[in-house]
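Visitor: For reference, the file query-v9.pdb (PDB, C-alpha atoms) is included below:
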```pdb
ATOM      1  CA  MET A   1      89.702  14.841  95.183
ATOM      2  CA  ASN A   2      91.714  17.491  93.360
ATOM      3  CA  GLN A   3      90.702  18.835  89.966
ATOM      4  CA  ASN A   4      93.313  16.853  88.023
ATOM      5  CA  ASN A   5      91.513  13.625  88.902
ATOM      6  CA  ILE A   6      87.868  14.735  88.858
ATOM      7  CA  ASN A   7      85.574  13.000  86.405
ATOM      8  CA  ILE A   8      82.431  14.991  87.125
ATOM      9  CA  GLU A   9      80.199  12.328  85.580
ATOM     10  CA  GLU A  10      81.035  10.208  88.616
ATOM     11  CA  TYR A  11      79.317  12.938  90.642
ATOM     12  CA  GLY A  12      76.199  13.134  88.468
ATOM     13  CA  ILE A  13      77.012  15.984  86.070
ATOM     14  CA  TYR A  14      76.694  15.146  82.364
ATOM     15  CA  ASP A  15      76.406  16.962  79.033
ATOM     16  CA  GLY A  16      73.516  19.400  78.763
ATOM     17  CA  ILE A  17      72.102  21.464  81.601
ATOM     18  CA  SER A  18      72.268  19.688  84.950
ATOM     19  CA  GLU A  19      69.775  21.067  87.447
ATOM     20  CA  THR A  20      71.606  21.419  90.745
ATOM     21  CA  ILE A  21      71.373  23.605  93.832
ATOM     22  CA  PHE A  22      74.243  26.075  94.100
ATOM     23  CA  THR A  23      75.497  26.875  97.569
ATOM     24  CA  THR A  24      77.572  30.008  98.050
ATOM     25  CA  GLY A  25      78.563  32.337 100.849
ATOM     26  CA  THR A  26      81.465  31.569 103.104
ATOM     27  CA  ASP A  27      80.086  33.325 106.187
ATOM     28  CA  SER A  28      76.341  33.149 105.535
ATOM     29  CA  PRO A  29      75.464  30.216 103.280
ATOM     30  CA  ASN A  30      72.849  30.615 100.590
ATOM     31  CA  ALA A  31      71.204  27.973  98.381
ATOM     32  CA  ALA A  32      69.463  28.429  95.035
ATOM     33  CA  PRO A  33      68.553  26.065  92.175
ATOM     34  CA  MET A  34      70.704  26.721  89.123
ATOM     35  CA  GLY A  35      71.690  24.909  85.962
ATOM     36  CA  LEU A  36      75.254  23.862  85.186
ATOM     37  CA  ILE A  37      75.772  24.111  81.435
ATOM     38  CA  ARG A  38      78.121  21.421  80.146
ATOM     39  CA  LYS A  39      79.246  20.947  76.555
ATOM     40  CA  GLY A  40      81.997  18.363  76.418
ATOM     41  CA  ASP A  41      84.755  19.373  78.795
ATOM     42  CA  ARG A  42      83.537  22.973  79.101
ATOM     43  CA  ILE A  43      81.250  23.848  82.001
ATOM     44  CA  GLN A  44      79.632  27.251  82.393
ATOM     45  CA  ILE A  45      77.217  29.103  84.620
ATOM     46  CA  ARG A  46      74.837  31.937  83.783
ATOM     47  CA  LEU A  47      73.581  33.979  86.730
ATOM     48  CA  PHE A  48      71.124  36.852  86.703
ATOM     49  CA  LYS A  49      71.870  40.082  88.504
ATOM     50  CA  GLY A  50      69.884  40.715  91.650
ATOM     51  CA  SER A  51      70.206  37.292  93.280
ATOM     52  CA  GLN A  52      72.274  36.484  96.351
ATOM     53  CA  THR A  53      74.043  33.777  94.370
ATOM     54  CA  TYR A  54      75.096  36.380  91.801
ATOM     55  CA  GLU A  55      76.507  38.657  94.515
ATOM     56  CA  ASN A  56      78.340  35.816  96.241
ATOM     57  CA  VAL A  57      79.936  34.582  93.012
ATOM     58  CA  VAL A  58      81.016  38.121  92.088
ATOM     59  CA  ASN A  59      82.712  38.453  95.480
ATOM     60  CA  GLU A  60      84.054  34.926  95.999
ATOM     61  CA  LYS A  61      84.588  33.587  92.440
ATOM     62  CA  CYS A  62      83.449  30.105  93.455
ATOM     63  CA  LEU A  63      80.348  27.988  94.104
ATOM     64  CA  VAL A  64      79.316  24.495  95.105
ATOM     65  CA  ALA A  65      76.965  22.517  92.844
ATOM     66  CA  ASN A  66      74.868  20.100  94.920
ATOM     67  CA  VAL A  67      73.288  17.117  93.167
ATOM     68  CA  ILE A  68      70.029  16.475  94.976
ATOM     69  CA  ILE A  69      66.781  14.638  94.239
ATOM     70  CA  ASP A  70      64.536  16.085  96.945
ATOM     71  CA  PRO A  71      61.872  18.241  95.206
ATOM     72  CA  VAL A  72      60.892  19.925  98.473
ATOM     73  CA  VAL A  73      64.439  21.245  98.932
ATOM     74  CA  PHE A  74      64.350  22.527  95.337
ATOM     75  CA  ALA A  75      61.061  24.329  95.986
ATOM     76  CA  ARG A  76      62.105  25.790  99.337
ATOM     77  CA  SER A  77      65.477  27.000  98.038
ATOM     78  CA  THR A  78      63.741  28.629  95.065
ATOM     79  CA  PHE A  79      61.417  30.764  97.168
ATOM     80  CA  THR A  80      62.913  30.986 100.673
ATOM     81  CA  ASN A  81      66.165  30.578 102.595
ATOM     82  CA  LEU A  82      67.087  27.132 103.858
ATOM     83  CA  TYR A  83      67.807  26.647 107.552
ATOM     84  CA  ASP A  84      71.402  26.907 108.757
ATOM     85  CA  GLU A  85      71.294  23.311 110.003
ATOM     86  CA  GLU A  86      70.687  22.074 106.439
ATOM     87  CA  PHE A  87      74.203  23.172 105.474
ATOM     88  CA  ASP A  88      77.597  21.765 106.318
ATOM     89  CA  THR A  89      81.048  22.977 105.292
ATOM     90  CA  VAL A  90      84.158  21.380 103.895
ATOM     91  CA  SER A  91      87.616  22.920 104.071
ATOM     92  CA  VAL A  92      89.673  22.854 100.853
ATOM     93  CA  ASN A  93      92.965  24.726 100.489
ATOM     94  CA  ASN A  94      92.362  26.535 103.797
ATOM     95  CA  ARG A  95      88.975  27.841 102.668
ATOM     96  CA  LYS A  96      85.536  26.713 103.812
ATOM     97  CA  TYR A  97      82.788  25.914 101.304
ATOM     98  CA  PRO A  98      79.107  25.320 102.170
ATOM     99  CA  PHE A  99      77.270  22.265 100.863
ATOM    100  CA  LEU A 100      73.869  20.698 101.529
ATOM    101  CA  LYS A 101      73.727  17.768 103.925
ATOM    102  CA  LYS A 102      71.033  16.139 101.761
ATOM    103  CA  ALA A 103      73.143  16.300  98.589
ATOM    104  CA  LEU A 104      73.920  12.998  96.920
ATOM    105  CA  SER A 105      77.166  14.553  95.756
ATOM    106  CA  TYR A 106      78.674  17.982  95.457
ATOM    107  CA  VAL A 107      81.365  19.611  93.348
ATOM    108  CA  ILE A 108      83.224  22.792  94.283
ATOM    109  CA  PHE A 109      83.884  24.967  91.237
ATOM    110  CA  GLU A 110      86.202  27.925  90.774
ATOM    111  CA  CYS A 111      85.105  30.579  88.296
ATOM    112  CA  SER A 112      87.312  31.739  85.458
ATOM    113  CA  ASP A 113      86.888  33.968  82.414
ATOM    114  CA  ILE A 114      83.982  35.837  84.009
ATOM    115  CA  ARG A 115      81.982  37.974  81.563
ATOM    116  CA  TYR A 116      79.423  40.549  82.634
ATOM    117  CA  THR A 117      76.482  41.832  80.624
ATOM    118  CA  LYS A 118      73.864  44.328  81.711
ATOM    119  CA  ASN A 119      71.801  41.678  83.508
ATOM    120  CA  THR A 120      73.945  38.541  83.715
ATOM    121  CA  LEU A 121      77.231  36.994  84.681
ATOM    122  CA  VAL A 122      78.584  34.167  82.528
ATOM    123  CA  ALA A 123      81.660  32.229  83.608
ATOM    124  CA  ASP A 124      83.557  29.056  82.883
ATOM    125  CA  VAL A 125      83.866  26.916  85.995
ATOM    126  CA  LEU A 126      86.597  24.447  86.863
ATOM    127  CA  PRO A 127      86.149  21.613  89.380
ATOM    128  CA  LEU A 128      88.339  22.053  92.432
ATOM    129  CA  TYR A 129      87.021  19.297  94.708
ATOM    130  CA  ALA A 130      84.236  16.702  94.566
ATOM    131  CA  CYS A 131      82.588  14.355  97.037
ATOM    132  CA  ILE A 132      79.954  11.628  96.987
ATOM    133  CA  ASN A 133      77.915  12.368 100.069
ATOM    134  CA  ARG A 134      75.504   9.438  99.936
ATOM    135  CA  ASN A 135      74.809   6.528  97.621
ATOM    136  CA  VAL A 136      71.181   6.372  96.537
ATOM    137  CA  ILE A 137      69.633   4.407  93.704
ATOM    138  CA  LYS A 138      66.370   5.895  92.468
ATOM    139  CA  ALA A 139      64.477   5.488  89.211
ATOM    140  CA  PRO A 140      63.543   8.700  87.363
ATOM    141  CA  ASN A 141      60.202  10.204  88.339
ATOM    142  CA  ARG A 142      58.350  12.317  85.768
ATOM    143  CA  GLY A 143      56.757  14.224  88.624
ATOM    144  CA  PHE A 144      60.161  15.368  89.885
ATOM    145  CA  ASN A 145      61.113  16.622  86.430
ATOM    146  CA  ALA A 146      57.777  18.434  86.173
ATOM    147  CA  VAL A 147      58.427  20.126  89.538
ATOM    148  CA  LEU A 148      61.783  21.432  88.255
ATOM    149  CA  ASP A 149      60.145  22.852  85.122
ATOM    150  CA  ALA A 150      57.303  24.341  87.165
ATOM    151  CA  LEU A 151      59.764  26.101  89.484
ATOM    152  CA  ILE A 152      61.557  27.637  86.500
ATOM    153  CA  HIS A 153      58.287  28.909  85.008
ATOM    154  CA  ALA A 154      57.091  30.133  88.407
ATOM    155  CA  THR A 155      60.186  32.309  88.766
ATOM    156  CA  ARG A 156      59.635  33.619  85.230
ATOM    157  CA  TYR A 157      56.031  34.413  86.110
ATOM    158  CA  ARG A 158      57.238  36.285  89.187
ATOM    159  CA  VAL A 159      59.764  38.302  87.155
ATOM    160  CA  PHE A 160      57.767  38.981  83.989
ATOM    161  CA  ASP A 161      54.175  38.816  85.332
ATOM    162  CA  ASN A 162      53.095  37.010  82.161
ATOM    163  CA  GLU A 163      50.129  34.622  82.414
ATOM    164  CA  LYS A 164      51.649  32.221  79.871
ATOM    165  CA  TYR A 165      54.143  31.083  82.518
ATOM    166  CA  LEU A 166      51.368  30.514  85.022
ATOM    167  CA  ASN A 167      49.472  28.402  82.472
ATOM    168  CA  ILE A 168      52.553  26.225  82.009
ATOM    169  CA  VAL A 169      52.768  25.801  85.797
ATOM    170  CA  TYR A 170      49.151  24.574  85.833
ATOM    171  CA  GLU A 171      49.879  22.079  83.042
ATOM    172  CA  LEU A 172      52.947  20.764  84.813
ATOM    173  CA  SER A 173      50.933  20.443  88.007
ATOM    174  CA  ASN A 174      48.789  17.812  86.287
ATOM    175  CA  THR A 175      51.922  15.773  85.520
ATOM    176  CA  VAL A 176      53.030  16.071  89.142
ATOM    177  CA  LYS A 177      49.628  14.843  90.386
ATOM    178  CA  LYS A 178      49.684  11.927  87.965
ATOM    179  CA  CYS A 179      53.334  10.852  88.205
ATOM    180  CA  GLY A 180      54.771  12.348  91.383
ATOM    181  CA  GLY A 181      54.896  11.111  94.940
ATOM    182  CA  SER A 182      54.164  12.893  98.196
ATOM    183  CA  LYS A 183      57.347  15.004  98.071
ATOM    184  CA  GLU A 184      56.671  16.204  94.529
ATOM    185  CA  ASN A 185      53.143  17.187  95.509
ATOM    186  CA  ARG A 186      54.414  18.966  98.618
ATOM    187  CA  ALA A 187      56.860  20.903  96.435
ATOM    188  CA  MET A 188      53.961  22.086  94.262
ATOM    189  CA  GLU A 189      52.069  23.208  97.372
ATOM    190  CA  ILE A 190      55.078  25.346  98.337
ATOM    191  CA  LEU A 191      55.108  26.795  94.811
ATOM    192  CA  TYR A 192      51.378  27.609  94.896
ATOM    193  CA  ASP A 193      51.613  29.141  98.352
ATOM    194  CA  TYR A 194      54.524  31.329  97.258
ATOM    195  CA  LEU A 195      52.691  32.547  94.163
ATOM    196  CA  ASN A 196      49.515  32.922  96.230
ATOM    197  CA  ILE A 197      47.412  30.921  93.775
ATOM    198  CA  GLU A 198      44.868  28.141  94.278
ATOM    199  CA  HIS A 199      46.110  24.542  94.471
TER
END
```
For this file, produce the structure as structure tokens.
Guide:
Amino acid sequence: MNQNNINIEEYGIYDGISETIFTTGTDSPNAAPMGLIRKGDRIQIRLFKGSQTYENVVNEKCLVANVIIDPVVFARSTFTNLYDEEFDTVSVNNRKYPFLKKALSYVIFECSDIRYTKNTLVADVLPLYACINRNVIKAPNRGFNAVLDALIHATRYRVFDNEKYLNIVYELSNTVKKCGGSKENRAMEILYDYLNIEH
């Protein structure tokens, strides 16, 4: 679907910060959890220097936002590279874009009005193409939301080496144990293994 007809809410992206997995890299696909910041009709991204996603967006001026509800994929893409067979590509305007096979939907965005600071890139993004990959009905799971928060704080702990972030991870782990299913608990195991801390 071209951008003139794209209602991104139909693809799962609403006001606020939507936690998605960005896929970038035309020749060598990369996946990383990132938030899409939406306020009304304006959608933005904020990327931190030093990541592969940052480098790919600087070079290619585009990204694919994958809407996905698998906490294990979120955890693995936070700390490691996904396998090549987990990606597929779609050709739009004679250009190939990588997306995740497990995505419920995905939206290809082009970047505009890119601003650079010392440590970040901020850009407006415009939908170019969107696709519903699979129809799934699933009630919200507090454990899944806790995994997302824990992953964010785990990356902050890794960057800033501040114990307060680790304490938040431990608190969120209790919510995952209480409210999550097997996949949410597996995602926390991946997190703990990556940080080399006790489960």
Visitor: Which one of A:Lys61, A:Arg115, A:Arg46, A:His199 sits closest to A:Asn174 if you count only C-alpha atoms?
Guide: A:His199
Visitor: Might you spell out which residues the PyMOL selection byres ((chain A and resi 64) around 7) would select in the displayed file, as an mmCIF file with C-alpha atoms, in the coordinates of the input?
Guide:
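Saved as part.cif:
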```cif
data_model
loop_
_atom_site.group_PDB
_atom_site.id
_atom_site.type_symbol
_atom_site.label_atom_id
_atom_site.label_comp_id
_atom_site.auth_asym_id
_atom_site.auth_seq_id
_atom_site.Cartn_x
_atom_site.Cartn_y
_atom_site.Cartn_z
ATOM 1 C CA PHE A 22 74.243 26.075 94.100
ATOM 2 C CA THR A 23 75.497 26.875 97.569
ATOM 3 C CA THR A 24 77.572 30.008 98.050
ATOM 4 C CA LEU A 63 80.348 27.988 94.104
ATOM 5 C CA ALA A 65 76.965 22.517 92.844
ATOM 6 C CA ASN A 66 74.868 20.100 94.920
ATOM 7 C CA PHE A 99 77.270 22.265 100.863
ATOM 8 C CA TYR A 106 78.674 17.982 95.457
ATOM 9 C CA VAL A 107 81.365 19.611 93.348
ATOM 10 C CA ILE A 108 83.224 22.792 94.283
ATOM 11 C CA PHE A 109 83.884 24.967 91.237
#
```
Visitor: Run the PyMOL selection byres ((chain A and resi 150) around 9) mentally over the shown coordinates, then write out the matched residues as a list in words, using the chain letters and numbers from the document.
Guide: Asn145, Ala146, Val147, Leu148, Asp149, Leu151, Ile152, His153, Ala154, Thr155, Tyr165, Leu166, Ile168, Val169, Tyr170, Glu171, Leu172, Ser173, Met188 and Leu191 of chain A
Visitor: Next, dump the selected residues to file, keeping only C-alpha atoms, as a compact mmCIF listing (two decimals), in the coordinates of the input.
Guide:
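As written to disk, out.txt reads:
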```txt
# COMPACT_ATOMS: atom_id res chain seq x y z
CA ASN A 145 61.11 16.62 86.43
CA ALA A 146 57.78 18.43 86.17
CA VAL A 147 58.43 20.13 89.54
CA LEU A 148 61.78 21.43 88.26
CA ASP A 149 60.14 22.85 85.12
CA LEU A 151 59.76 26.10 89.48
CA ILE A 152 61.56 27.64 86.50
CA HIS A 153 58.29 28.91 85.01
CA ALA A 154 57.09 30.13 88.41
CA THR A 155 60.19 32.31 88.77
CA TYR A 165 54.14 31.08 82.52
CA LEU A 166 51.37 30.51 85.02
CA ILE A 168 52.55 26.22 82.01
CA VAL A 169 52.77 25.80 85.80
CA TYR A 170 49.15 24.57 85.83
CA GLU A 171 49.88 22.08 83.04
CA LEU A 172 52.95 20.76 84.81
CA SER A 173 50.93 20.44 88.01
CA MET A 188 53.96 22.09 94.26
CA LEU A 191 55.11 26.80 94.81
```
Visitor: Between A:Thr117, A:Ser28, A:Ser77, A:Asn56, which has the minimum distance to A:Tyr194 (counting only C-alpha atoms)?
Guide: A:Ser77
Visitor: Please indicate the distance in Å from atom CA of A:Ile13 to atom CA of A:Asn81, rounded to one decimal place.
Guide: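 It comes out at 24.6 Å.
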Visitor: Rounded to one decimal place, report the atom CA of A:Phe79-atom CA of A:Ile132 distance in Å.
Guide: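 Result for atom CA of A:Phe79 versus atom CA of A:Ile132: 26.6 Å, one decimal.
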Visitor: When you count all atoms listed in the file, which of these residues is closest to A:Lys183: A:Phe74, A:Asp88, A:Asn167, A:Asn133?
Guide: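 Comparing A:Phe74, A:Asp88, A:Asn167, A:Asn133 against A:Lys183, the winner is A:Phe74.
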Visitor: As AutoDock Vina command-line options, what would the box around stretch 168-178 of chain A look like: edges along x, y and z, 4 Å added on every side, centre and edge lengths in Å to one decimal?
Guide:
```
--center_x 50.9 --center_y 19.1 --center_z 86.2 --size_x 12.2 --size_y 22.3 --size_z 16.4
```
Visitor: Go through A:Ala123, A:Tyr14, A:Ile114, A:Ile69 and flag the residue nearest A:Leu100, using only C-alpha atoms for the distances.
Guide: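 Counting only C-alpha atoms, the residue closest to A:Leu100 is A:Ile69.
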Visitor: Excluding A:Gly35 and any residue of its chain fewer than 5 positions from it, enumerate the residues within 7 Å of it, using only C-alpha atoms, and give them as JSON, numbers by chain.
Guide: {"A": [17, 18, 19, 20]}
Visitor: Name the residues captured by the PyMOL selection byres ((chain A and resi 87) around 8) when it is applied to the shown file; answer as a PyMOL selection string.
Guide: chain A and resi 29+83-86+88-89+98-101
Visitor: Work out how far atom CA of A:Tyr11 is from atom CA of A:Ala31, in Å to one decimal.
Guide: 18.8 Å
Visitor: Counting all atoms listed in the file, find the residues whose atoms lie at most 6 Å from (85.9, 23.0, 89.0) (file coordinates) and write them out as a ChimeraX atom specification.
Guide: /A:108-110,125-128
Visitor: Using all atoms listed in the file, which residues sit within 12 Å of A:Ser182 once same-chain residues fewer than 3 positions away are excluded, as a compact mmCIF listing (two decimals) with C-alpha atoms, keeping the file's coordinate frame?
Guide:
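Below you can see out_30.txt, which holds the result:
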```txt
# COMPACT_ATOMS: atom_id res chain seq x y z
CA ASP A 70 64.54 16.08 96.94
CA PRO A 71 61.87 18.24 95.21
CA VAL A 72 60.89 19.92 98.47
CA ASN A 141 60.20 10.20 88.34
CA GLY A 143 56.76 14.22 88.62
CA PHE A 144 60.16 15.37 89.88
CA VAL A 176 53.03 16.07 89.14
CA LYS A 177 49.63 14.84 90.39
CA LYS A 178 49.68 11.93 87.96
CA CYS A 179 53.33 10.85 88.20
CA ASN A 185 53.14 17.19 95.51
CA ARG A 186 54.41 18.97 98.62
CA ALA A 187 56.86 20.90 96.44
CA MET A 188 53.96 22.09 94.26
CA GLU A 189 52.07 23.21 97.37
```
Visitor: Using all atoms listed in the file, can you tell me which of A:Cys62, A:Arg95, A:Glu10, A:Ile190 comes closest to A:Cys111?
Guide: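 For A:Cys111, the nearest of the candidates is A:Cys62.
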Visitor: May I ask which of the residues A:Glu55, A:Gly181, A:Val73, A:Ala130 is the closest one to A:Glu9, counting all atoms listed in the file?
Guide: A:Ala130
Visitor: Since the input lacks some atoms of stretch 75-90 of chain A, please model N, CA, C and O atoms and print them as a PDB file, keeping the file's coordinate frame.
Guide:
```pdb
ATOM      1  N   ALA A  75      62.114  23.306  95.877  1.00  0.00           N
ATOM      2  CA  ALA A  75      61.061  24.329  95.986  1.00  0.00           C
ATOM      3  C   ALA A  75      61.388  25.346  97.063  1.00  0.00           C
ATOM      4  O   ALA A  75      61.276  26.559  96.855  1.00  0.00           O
ATOM      5  N   ARG A  76      61.810  24.866  98.236  1.00  0.00           N
ATOM      6  CA  ARG A  76      62.105  25.790  99.337  1.00  0.00           C
ATOM      7  C   ARG A  76      63.273  26.707  99.001  1.00  0.00           C
ATOM      8  O   ARG A  76      63.243  27.896  99.302  1.00  0.00           O
ATOM      9  N   SER A  77      64.315  26.163  98.350  1.00  0.00           N
ATOM     10  CA  SER A  77      65.477  27.000  98.038  1.00  0.00           C
ATOM     11  C   SER A  77      65.195  27.958  96.885  1.00  0.00           C
ATOM     12  O   SER A  77      65.915  28.936  96.706  1.00  0.00           O
ATOM     13  N   THR A  78      64.149  27.695  96.117  1.00  0.00           N
ATOM     14  CA  THR A  78      63.741  28.629  95.065  1.00  0.00           C
ATOM     15  C   THR A  78      63.092  29.872  95.660  1.00  0.00           C
ATOM     16  O   THR A  78      63.354  30.994  95.225  1.00  0.00           O
ATOM     17  N   PHE A  79      62.256  29.671  96.679  1.00  0.00           N
ATOM     18  CA  PHE A  79      61.417  30.764  97.168  1.00  0.00           C
ATOM     19  C   PHE A  79      61.786  31.299  98.550  1.00  0.00           C
ATOM     20  O   PHE A  79      61.342  32.380  98.926  1.00  0.00           O
ATOM     21  N   THR A  80      62.567  30.546  99.317  1.00  0.00           N
ATOM     22  CA  THR A  80      62.913  30.986 100.673  1.00  0.00           C
ATOM     23  C   THR A  80      64.368  30.611 100.973  1.00  0.00           C
ATOM     24  O   THR A  80      65.031  29.970 100.167  1.00  0.00           O
ATOM     25  N   ASN A  81      64.832  30.976 102.142  1.00  0.00           N
ATOM     26  CA  ASN A  81      66.165  30.578 102.595  1.00  0.00           C
ATOM     27  C   ASN A  81      66.077  29.255 103.338  1.00  0.00           C
ATOM     28  O   ASN A  81      65.154  29.043 104.129  1.00  0.00           O
ATOM     29  N   LEU A  82      67.029  28.378 103.105  1.00  0.00           N
ATOM     30  CA  LEU A  82      67.087  27.132 103.858  1.00  0.00           C
ATOM     31  C   LEU A  82      67.610  27.417 105.263  1.00  0.00           C
ATOM     32  O   LEU A  82      68.228  28.448 105.527  1.00  0.00           O
ATOM     33  N   TYR A  83      67.342  26.483 106.178  1.00  0.00           N
ATOM     34  CA  TYR A  83      67.807  26.647 107.552  1.00  0.00           C
ATOM     35  C   TYR A  83      69.308  26.388 107.645  1.00  0.00           C
ATOM     36  O   TYR A  83      69.862  25.576 106.896  1.00  0.00           O
ATOM     37  N   ASP A  84      69.958  27.063 108.576  1.00  0.00           N
ATOM     38  CA  ASP A  84      71.402  26.907 108.757  1.00  0.00           C
ATOM     39  C   ASP A  84      71.795  25.452 108.978  1.00  0.00           C
ATOM     40  O   ASP A  84      72.848  25.004 108.505  1.00  0.00           O
ATOM     41  N   GLU A  85      70.949  24.698 109.690  1.00  0.00           N
ATOM     42  CA  GLU A  85      71.294  23.311 110.003  1.00  0.00           C
ATOM     43  C   GLU A  85      71.217  22.383 108.785  1.00  0.00           C
ATOM     44  O   GLU A  85      71.626  21.221 108.864  1.00  0.00           O
ATOM     45  N   GLU A  86      70.723  22.881 107.657  1.00  0.00           N
ATOM     46  CA  GLU A  86      70.687  22.074 106.439  1.00  0.00           C
ATOM     47  C   GLU A  86      72.008  22.131 105.674  1.00  0.00           C
ATOM     48  O   GLU A  86      72.213  21.388 104.722  1.00  0.00           O
ATOM     49  N   PHE A  87      72.898  23.016 106.109  1.00  0.00           N
ATOM     50  CA  PHE A  87      74.203  23.172 105.474  1.00  0.00           C
ATOM     51  C   PHE A  87      75.294  22.526 106.316  1.00  0.00           C
ATOM     52  O   PHE A  87      75.167  22.393 107.525  1.00  0.00           O
ATOM     53  N   ASP A  88      76.361  22.137 105.651  1.00  0.00           N
ATOM     54  CA  ASP A  88      77.597  21.765 106.318  1.00  0.00           C
ATOM     55  C   ASP A  88      78.711  22.455 105.536  1.00  0.00           C
ATOM     56  O   ASP A  88      78.463  23.068 104.503  1.00  0.00           O
ATOM     57  N   THR A  89      79.928  22.373 106.016  1.00  0.00           N
ATOM     58  CA  THR A  89      81.048  22.977 105.292  1.00  0.00           C
ATOM     59  C   THR A  89      82.180  21.975 105.147  1.00  0.00           C
ATOM     60  O   THR A  89      82.314  21.041 105.951  1.00  0.00           O
ATOM     61  N   VAL A  90      82.957  22.170 104.106  1.00  0.00           N
ATOM     62  CA  VAL A  90      84.158  21.380 103.895  1.00  0.00           C
ATOM     63  C   VAL A  90      85.294  22.373 103.668  1.00  0.00           C
ATOM     64  O   VAL A  90      85.108  23.412 103.040  1.00  0.00           O
TER      65      VAL A  90
END
```
